[in-house]
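Enquirer: What follows is a structure written as structure tokens; I'll ask about it next.
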Amino acid sequence: MSGVGFRRVLLTGAAGRIGSALRPGLRTEVEELRLTDRTTVGPAPGTTETFVQADLLDEAAVARSVEGVDAIVHLGGIPDEAPFDELLGPNIHGTFTLFDAARRAGVTRIVYASSNHASGFYGPADRLTGEEPPRPDSLYGVTKVFGEAVGRLYADKFGLQVIAVRIGSFEQEPSEPRHLHTWLSPGDALRLFRSCLTDKPVHFLTIYGVSANTQTWWPSGDAARTIGFEPQDDAERFAEKISNGATDTWQGGRFAARDYGRWAAD
Ligand code: 15L
């Protein structure tokens with residue numbers, strides 16, 4: 001695996017679960033790992049890390065946060081189903097604000113944290129590489145499709161290099177039957193985002209962020225080969241601990257249920 005090629009990298013949503021987990025592995029590979037979030041990050045920024053507090057809806061703060069960086073890993077936003085009004089700011093408006101600030105600042109690459117819920121209404125017999133039409137399973141999934149579309153627009157219109165990563169289930173260990181198909185281990189998450197930050201040019205790629213699970217729904221395809229992502233972990237190792245569960249009707253699991261998020265209760 002080749003190392004991170006970009007020297008100054010911005011991590012949005014740096015206080016979140018994935019952001020916090022990536023920090024130690026990324027900060028040793030860059031000149032500056034700039035962290036941003038609407039709240040303070042913990043642990044406090046270490047060597048090579050800097051912190052710019054910014055709400056994704058605050059254009060001036062977002063502009064300050066992207067100034068002088070070469071690449072952005074955009075993890076910020078709401079990571080779950082929610083009523084549309086709650087998602088609208090961070091996931092829709094905020095994603096646009098970030099991409100447009102990046103364009104104006106001349107950023108080379110954005111790695112956009114999309115989600116498997118952009119395609120959660122595919123079934124368990126389907127095998128997806130990211131080339132298929134989206135089938136979001138939730139309003140959250142719809143916001144991720146929006147972010148992917150903004151990424152594609154900014155790649156085609158402005159030449160920004162964009163990788164949309166449809167993250168599976170980022171967990172220390174798989175803990176439910178669905179994870180046998182969707183698990184992304186912490187080690188593979190770091191391998192994945194490092195691969196997304198090698199400086200080999202890309203135009204626009206969609207890739208599933210998933211470990212090398214024996215029962216994967218998202219086999220490694222051209223995009224993974226292009227960026228050299230080779231996952232190493234396999235949820236199957238935990239199968240005995242978590243078997244005997246019901247099979248999911250849809251890949252998105254509970255996100256696909258009519259009442260998930262409770263915004264369509266009437
Ligand atoms: C996601 O996109 C969510 O952010 C996370 O909380 C999990 O639900 C994950 O997908 C998953 O599909 O397991």
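So you can find residues: chains in the structure tokens are A, B, ... in the order shown, residues in each start at 1, and ligands are numbered from 1 in order.
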Would you list the residues that come within 8 Å of ligand 1? Count only C-alpha atoms and all ligand atoms and give the answer as a PyMOL selection string.
Expert: chain A and resi 78-80+114-117+141+166-170+178-179+182-183+252-253+255
Enquirer: Name the residues in contact with segment 13-30 of chain A at a cut-off of 9 Å, using only C-alpha atoms, excluding same-chain residues fewer than 6 positions from it; report them as a ChimeraX atom specification.
Expert: /A:3-7,36-43,46-49,73-77,170,186,189-190,193-194
Enquirer: Need to verify the contact set: segment 212-229 of chain A, 9 Å, only C-alpha atoms, exclusion of same-chain residues closer than 3 positions in sequence. Can you return it as a PDB file with N, CA and C atoms, in the first residue's frame?
Expert:
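Ended up saving to around_20.pdb:
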ATOM      1  N   MET A   1       0.849  -1.200   0.000  1.00  0.00           N
ATOM      2  CA  MET A   1       0.000   0.000   0.000  1.00  0.00           C
ATOM      3  C   MET A   1       0.885   1.252   0.000  1.00  0.00           C
ATOM      4  N   SER A   2       0.600   2.168  -0.925  1.00  0.00           N
ATOM      5  CA  SER A   2       1.395   3.389  -0.911  1.00  0.00           C
ATOM      6  C   SER A   2       0.818   4.362   0.106  1.00  0.00           C
ATOM      7  N   PRO A 124     -30.525  -8.668  -0.722  1.00  0.00           N
ATOM      8  CA  PRO A 124     -29.349  -9.452  -0.313  1.00  0.00           C
ATOM      9  C   PRO A 124     -28.760 -10.332  -1.424  1.00  0.00           C
ATOM     10  N   ALA A 125     -29.524 -10.565  -2.502  1.00  0.00           N
ATOM     11  CA  ALA A 125     -28.964 -11.361  -3.606  1.00  0.00           C
ATOM     12  C   ALA A 125     -28.169 -10.480  -4.577  1.00  0.00           C
ATOM     13  N   ASP A 126     -28.288  -9.158  -4.428  1.00  0.00           N
ATOM     14  CA  ASP A 126     -27.588  -8.250  -5.351  1.00  0.00           C
ATOM     15  C   ASP A 126     -26.124  -8.079  -4.948  1.00  0.00           C
ATOM     16  N   ARG A 127     -25.277  -7.946  -5.963  1.00  0.00           N
ATOM     17  CA  ARG A 127     -23.857  -7.649  -5.737  1.00  0.00           C
ATOM     18  C   ARG A 127     -23.569  -6.312  -6.408  1.00  0.00           C
ATOM     19  N   LEU A 128     -23.093  -5.360  -5.630  1.00  0.00           N
ATOM     20  CA  LEU A 128     -22.968  -3.980  -6.130  1.00  0.00           C
ATOM     21  C   LEU A 128     -21.510  -3.530  -6.151  1.00  0.00           C
ATOM     22  N   THR A 129     -21.188  -2.744  -7.174  1.00  0.00           N
ATOM     23  CA  THR A 129     -19.831  -2.191  -7.250  1.00  0.00           C
ATOM     24  C   THR A 129     -19.834  -0.668  -7.158  1.00  0.00           C
ATOM     25  N   GLY A 130     -21.036  -0.059  -7.190  1.00  0.00           N
ATOM     26  CA  GLY A 130     -21.126   1.399  -7.179  1.00  0.00           C
ATOM     27  C   GLY A 130     -21.495   1.953  -8.546  1.00  0.00           C
ATOM     28  N   LEU A 180     -22.096  -9.368   8.761  1.00  0.00           N
ATOM     29  CA  LEU A 180     -21.302 -10.361   8.017  1.00  0.00           C
ATOM     30  C   LEU A 180     -21.119  -9.908   6.565  1.00  0.00           C
ATOM     31  N   HIS A 181     -22.045  -9.069   6.093  1.00  0.00           N
ATOM     32  CA  HIS A 181     -21.982  -8.561   4.717  1.00  0.00           C
ATOM     33  C   HIS A 181     -21.400  -7.149   4.646  1.00  0.00           C
ATOM     34  N   THR A 182     -21.549  -6.390   5.729  1.00  0.00           N
ATOM     35  CA  THR A 182     -21.337  -4.929   5.634  1.00  0.00           C
ATOM     36  C   THR A 182     -20.176  -4.389   6.467  1.00  0.00           C
ATOM     37  N   TRP A 183     -19.538  -5.239   7.269  1.00  0.00           N
ATOM     38  CA  TRP A 183     -18.541  -4.745   8.240  1.00  0.00           C
ATOM     39  C   TRP A 183     -17.369  -4.033   7.579  1.00  0.00           C
ATOM     40  N   LEU A 184     -17.007  -2.889   8.138  1.00  0.00           N
ATOM     41  CA  LEU A 184     -15.742  -2.219   7.812  1.00  0.00           C
ATOM     42  C   LEU A 184     -14.962  -2.130   9.110  1.00  0.00           C
ATOM     43  N   ASP A 188      -9.220  -1.667   8.277  1.00  0.00           N
ATOM     44  CA  ASP A 188      -9.527  -1.484   6.852  1.00  0.00           C
ATOM     45  C   ASP A 188     -10.001  -0.063   6.558  1.00  0.00           C
ATOM     46  N   ARG A 191      -6.880   1.803   6.078  1.00  0.00           N
ATOM     47  CA  ARG A 191      -6.311   1.429   4.764  1.00  0.00           C
ATOM     48  C   ARG A 191      -7.092   2.096   3.635  1.00  0.00           C
ATOM     49  N   LEU A 192      -8.407   2.109   3.773  1.00  0.00           N
ATOM     50  CA  LEU A 192      -9.267   2.683   2.737  1.00  0.00           C
ATOM     51  C   LEU A 192      -9.017   4.180   2.563  1.00  0.00           C
ATOM     52  N   PHE A 193      -9.045   4.928   3.665  1.00  0.00           N
ATOM     53  CA  PHE A 193      -8.890   6.381   3.527  1.00  0.00           C
ATOM     54  C   PHE A 193      -7.470   6.759   3.132  1.00  0.00           C
ATOM     55  N   ARG A 194      -6.492   5.965   3.561  1.00  0.00           N
ATOM     56  CA  ARG A 194      -5.117   6.215   3.071  1.00  0.00           C
ATOM     57  C   ARG A 194      -5.072   6.011   1.556  1.00  0.00           C
ATOM     58  N   SER A 195      -5.705   4.935   1.071  1.00  0.00           N
ATOM     59  CA  SER A 195      -5.718   4.670  -0.377  1.00  0.00           C
ATOM     60  C   SER A 195      -6.408   5.808  -1.132  1.00  0.00           C
ATOM     61  N   CYS A 196      -7.433   6.370  -0.516  1.00  0.00           N
ATOM     62  CA  CYS A 196      -8.149   7.481  -1.165  1.00  0.00           C
ATOM     63  C   CYS A 196      -7.290   8.742  -1.214  1.00  0.00           C
ATOM     64  N   LEU A 197      -6.207   8.754  -0.427  1.00  0.00           N
ATOM     65  CA  LEU A 197      -5.374   9.967  -0.340  1.00  0.00           C
ATOM     66  C   LEU A 197      -4.012   9.794  -1.000  1.00  0.00           C
ATOM     67  N   THR A 198      -3.825   8.690  -1.742  1.00  0.00           N
ATOM     68  CA  THR A 198      -2.594   8.638  -2.551  1.00  0.00           C
ATOM     69  C   THR A 198      -2.779   9.663  -3.675  1.00  0.00           C
ATOM     70  N   LYS A 200      -2.195   9.616  -6.826  1.00  0.00           N
ATOM     71  CA  LYS A 200      -2.475   9.180  -8.198  1.00  0.00           C
ATOM     72  C   LYS A 200      -3.790   9.837  -8.644  1.00  0.00           C
ATOM     73  N   VAL A 202      -7.354  10.924  -9.933  1.00  0.00           N
ATOM     74  CA  VAL A 202      -8.624  10.253 -10.239  1.00  0.00           C
ATOM     75  C   VAL A 202      -9.579  11.346 -10.725  1.00  0.00           C
ATOM     76  N   LEU A 205     -14.856   8.630  -8.564  1.00  0.00           N
ATOM     77  CA  LEU A 205     -14.993   7.202  -8.275  1.00  0.00           C
ATOM     78  C   LEU A 205     -16.024   7.006  -7.177  1.00  0.00           C
ATOM     79  N   THR A 206     -16.757   5.909  -7.285  1.00  0.00           N
ATOM     80  CA  THR A 206     -17.603   5.479  -6.165  1.00  0.00           C
ATOM     81  C   THR A 206     -17.056   4.132  -5.710  1.00  0.00           C
ATOM     82  N   ILE A 207     -16.882   4.007  -4.405  1.00  0.00           N
ATOM     83  CA  ILE A 207     -16.322   2.761  -3.885  1.00  0.00           C
ATOM     84  C   ILE A 207     -17.059   2.400  -2.597  1.00  0.00           C
ATOM     85  N   TYR A 208     -17.302   1.123  -2.389  1.00  0.00           N
ATOM     86  CA  TYR A 208     -17.879   0.697  -1.106  1.00  0.00           C
ATOM     87  C   TYR A 208     -16.761   0.563  -0.082  1.00  0.00           C
ATOM     88  N   GLY A 209     -17.012   1.094   1.091  1.00  0.00           N
ATOM     89  CA  GLY A 209     -16.043   1.010   2.183  1.00  0.00           C
ATOM     90  C   GLY A 209     -16.381  -0.187   3.032  1.00  0.00           C
ATOM     91  N   GLN A 232      -8.265  -6.227   4.475  1.00  0.00           N
ATOM     92  CA  GLN A 232      -7.640  -7.452   5.012  1.00  0.00           C
ATOM     93  C   GLN A 232      -8.494  -8.207   6.013  1.00  0.00           C
ATOM     94  N   ASP A 233      -9.492  -7.574   6.578  1.00  0.00           N
ATOM     95  CA  ASP A 233     -10.267  -8.240   7.633  1.00  0.00           C
ATOM     96  C   ASP A 233     -11.529  -8.889   7.066  1.00  0.00           C
ATOM     97  N   ASP A 234     -12.057  -9.861   7.805  1.00  0.00           N
ATOM     98  CA  ASP A 234     -13.209 -10.641   7.334  1.00  0.00           C
ATOM     99  C   ASP A 234     -14.147 -10.879   8.510  1.00  0.00           C
ATOM    100  N   ALA A 235     -15.384 -10.402   8.378  1.00  0.00           N
ATOM    101  CA  ALA A 235     -16.374 -10.555   9.461  1.00  0.00           C
ATOM    102  C   ALA A 235     -16.648 -12.028   9.777  1.00  0.00           C
ATOM    103  N   GLU A 236     -16.347 -12.884   8.830  1.00  0.00           N
ATOM    104  CA  GLU A 236     -16.642 -14.316   8.994  1.00  0.00           C
ATOM    105  C   GLU A 236     -15.975 -14.892  10.253  1.00  0.00           C
ATOM    106  N   GLN A 251     -30.630  -4.609   1.755  1.00  0.00           N
ATOM    107  CA  GLN A 251     -29.245  -4.424   2.221  1.00  0.00           C
ATOM    108  C   GLN A 251     -29.156  -3.363   3.316  1.00  0.00           C
TER     109      GLN A 251
END
Enquirer: DSSP on the backbone: what in segment 146-186 of chain A comes out strand (DSSP E), as an MDAnalysis selection string?
Expert: chainID A and resid 161:167 169:170 183:184
Enquirer: Could the residues in this selection be written to a file with N, CA and C atoms, as an mmCIF file, in the first residue's frame?
Expert:
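Okay, this is what ended up in result.cif:
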data_model
loop_
_atom_site.group_PDB
_atom_site.id
_atom_site.type_symbol
_atom_site.label_atom_id
_atom_site.label_comp_id
_atom_site.auth_asym_id
_atom_site.auth_seq_id
_atom_site.Cartn_x
_atom_site.Cartn_y
_atom_site.Cartn_z
ATOM 1 N N GLN A 161 -10.981 16.380 -8.030
ATOM 2 C CA GLN A 161 -10.918 14.912 -7.963
ATOM 3 C C GLN A 161 -11.797 14.457 -6.790
ATOM 4 N N VAL A 162 -12.731 13.556 -7.071
ATOM 5 C CA VAL A 162 -13.695 13.178 -6.025
ATOM 6 C C VAL A 162 -13.801 11.658 -5.911
ATOM 7 N N ILE A 163 -13.728 11.178 -4.686
ATOM 8 C CA ILE A 163 -13.994 9.759 -4.415
ATOM 9 C C ILE A 163 -15.139 9.693 -3.412
ATOM 10 N N ALA A 164 -16.240 9.064 -3.830
ATOM 11 C CA ALA A 164 -17.385 8.873 -2.931
ATOM 12 C C ALA A 164 -17.259 7.483 -2.320
ATOM 13 N N VAL A 165 -17.151 7.450 -1.006
ATOM 14 C CA VAL A 165 -16.973 6.170 -0.313
ATOM 15 C C VAL A 165 -18.289 5.787 0.368
ATOM 16 N N ARG A 166 -18.928 4.743 -0.122
ATOM 17 C CA ARG A 166 -20.168 4.264 0.510
ATOM 18 C C ARG A 166 -19.788 3.366 1.678
ATOM 19 N N ILE A 167 -19.695 3.992 2.833
ATOM 20 C CA ILE A 167 -19.192 3.283 4.009
ATOM 21 C C ILE A 167 -20.220 2.247 4.472
ATOM 22 N N SER A 169 -20.610 -0.850 7.585
ATOM 23 C CA SER A 169 -20.838 -0.768 9.032
ATOM 24 C C SER A 169 -19.493 -0.662 9.728
ATOM 25 N N PHE A 170 -19.129 0.566 10.100
ATOM 26 C CA PHE A 170 -17.844 0.791 10.768
ATOM 27 C C PHE A 170 -18.010 0.446 12.241
ATOM 28 N N TRP A 183 -19.538 -5.239 7.269
ATOM 29 C CA TRP A 183 -18.541 -4.745 8.240
ATOM 30 C C TRP A 183 -17.369 -4.033 7.579
ATOM 31 N N LEU A 184 -17.007 -2.889 8.138
ATOM 32 C CA LEU A 184 -15.742 -2.219 7.812
ATOM 33 C C LEU A 184 -14.962 -2.130 9.110
#
Enquirer: Going by DSSP on the backbone, which residues of segment 23-61 of chain A come out as alpha helix (DSSP H)? List them as a PyMOL selection string.
Expert: chain A and resi 23-27+59-61
Enquirer: Residues at most 6 Å from Phe121 of chain A, counting only C-alpha atoms, excluding those fewer than 6 positions away in the same chain, as number ranges by chain?
Expert: A: 135, 137, 250
Enquirer: I'd like to know which of A:Asp266, A:Glu131, A:Tyr140, A:Tyr260 is closest to Phe84 of chain A, using only C-alpha atoms.
Expert: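 Going through A:Asp266, A:Glu131, A:Tyr140, A:Tyr260 one by one, the smallest distance to Phe84 of chain A is for A:Tyr140.
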Enquirer: Using only C-alpha atoms for the distances, tell me which of A:Lys241, A:Arg8, A:His93, A:Arg258 is nearest to Thr143 of chain A.
Expert: A:His93
Enquirer: Restricting the calculation to only C-alpha atoms, which member of A:Gly123, A:Pro90, A:Gly68, A:Pro231 is positioned closest to Thr12 of chain A?
Expert: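 Of A:Gly123, A:Pro90, A:Gly68, A:Pro231, the one nearest Thr12 of chain A is A:Pro90, counting only C-alpha atoms.
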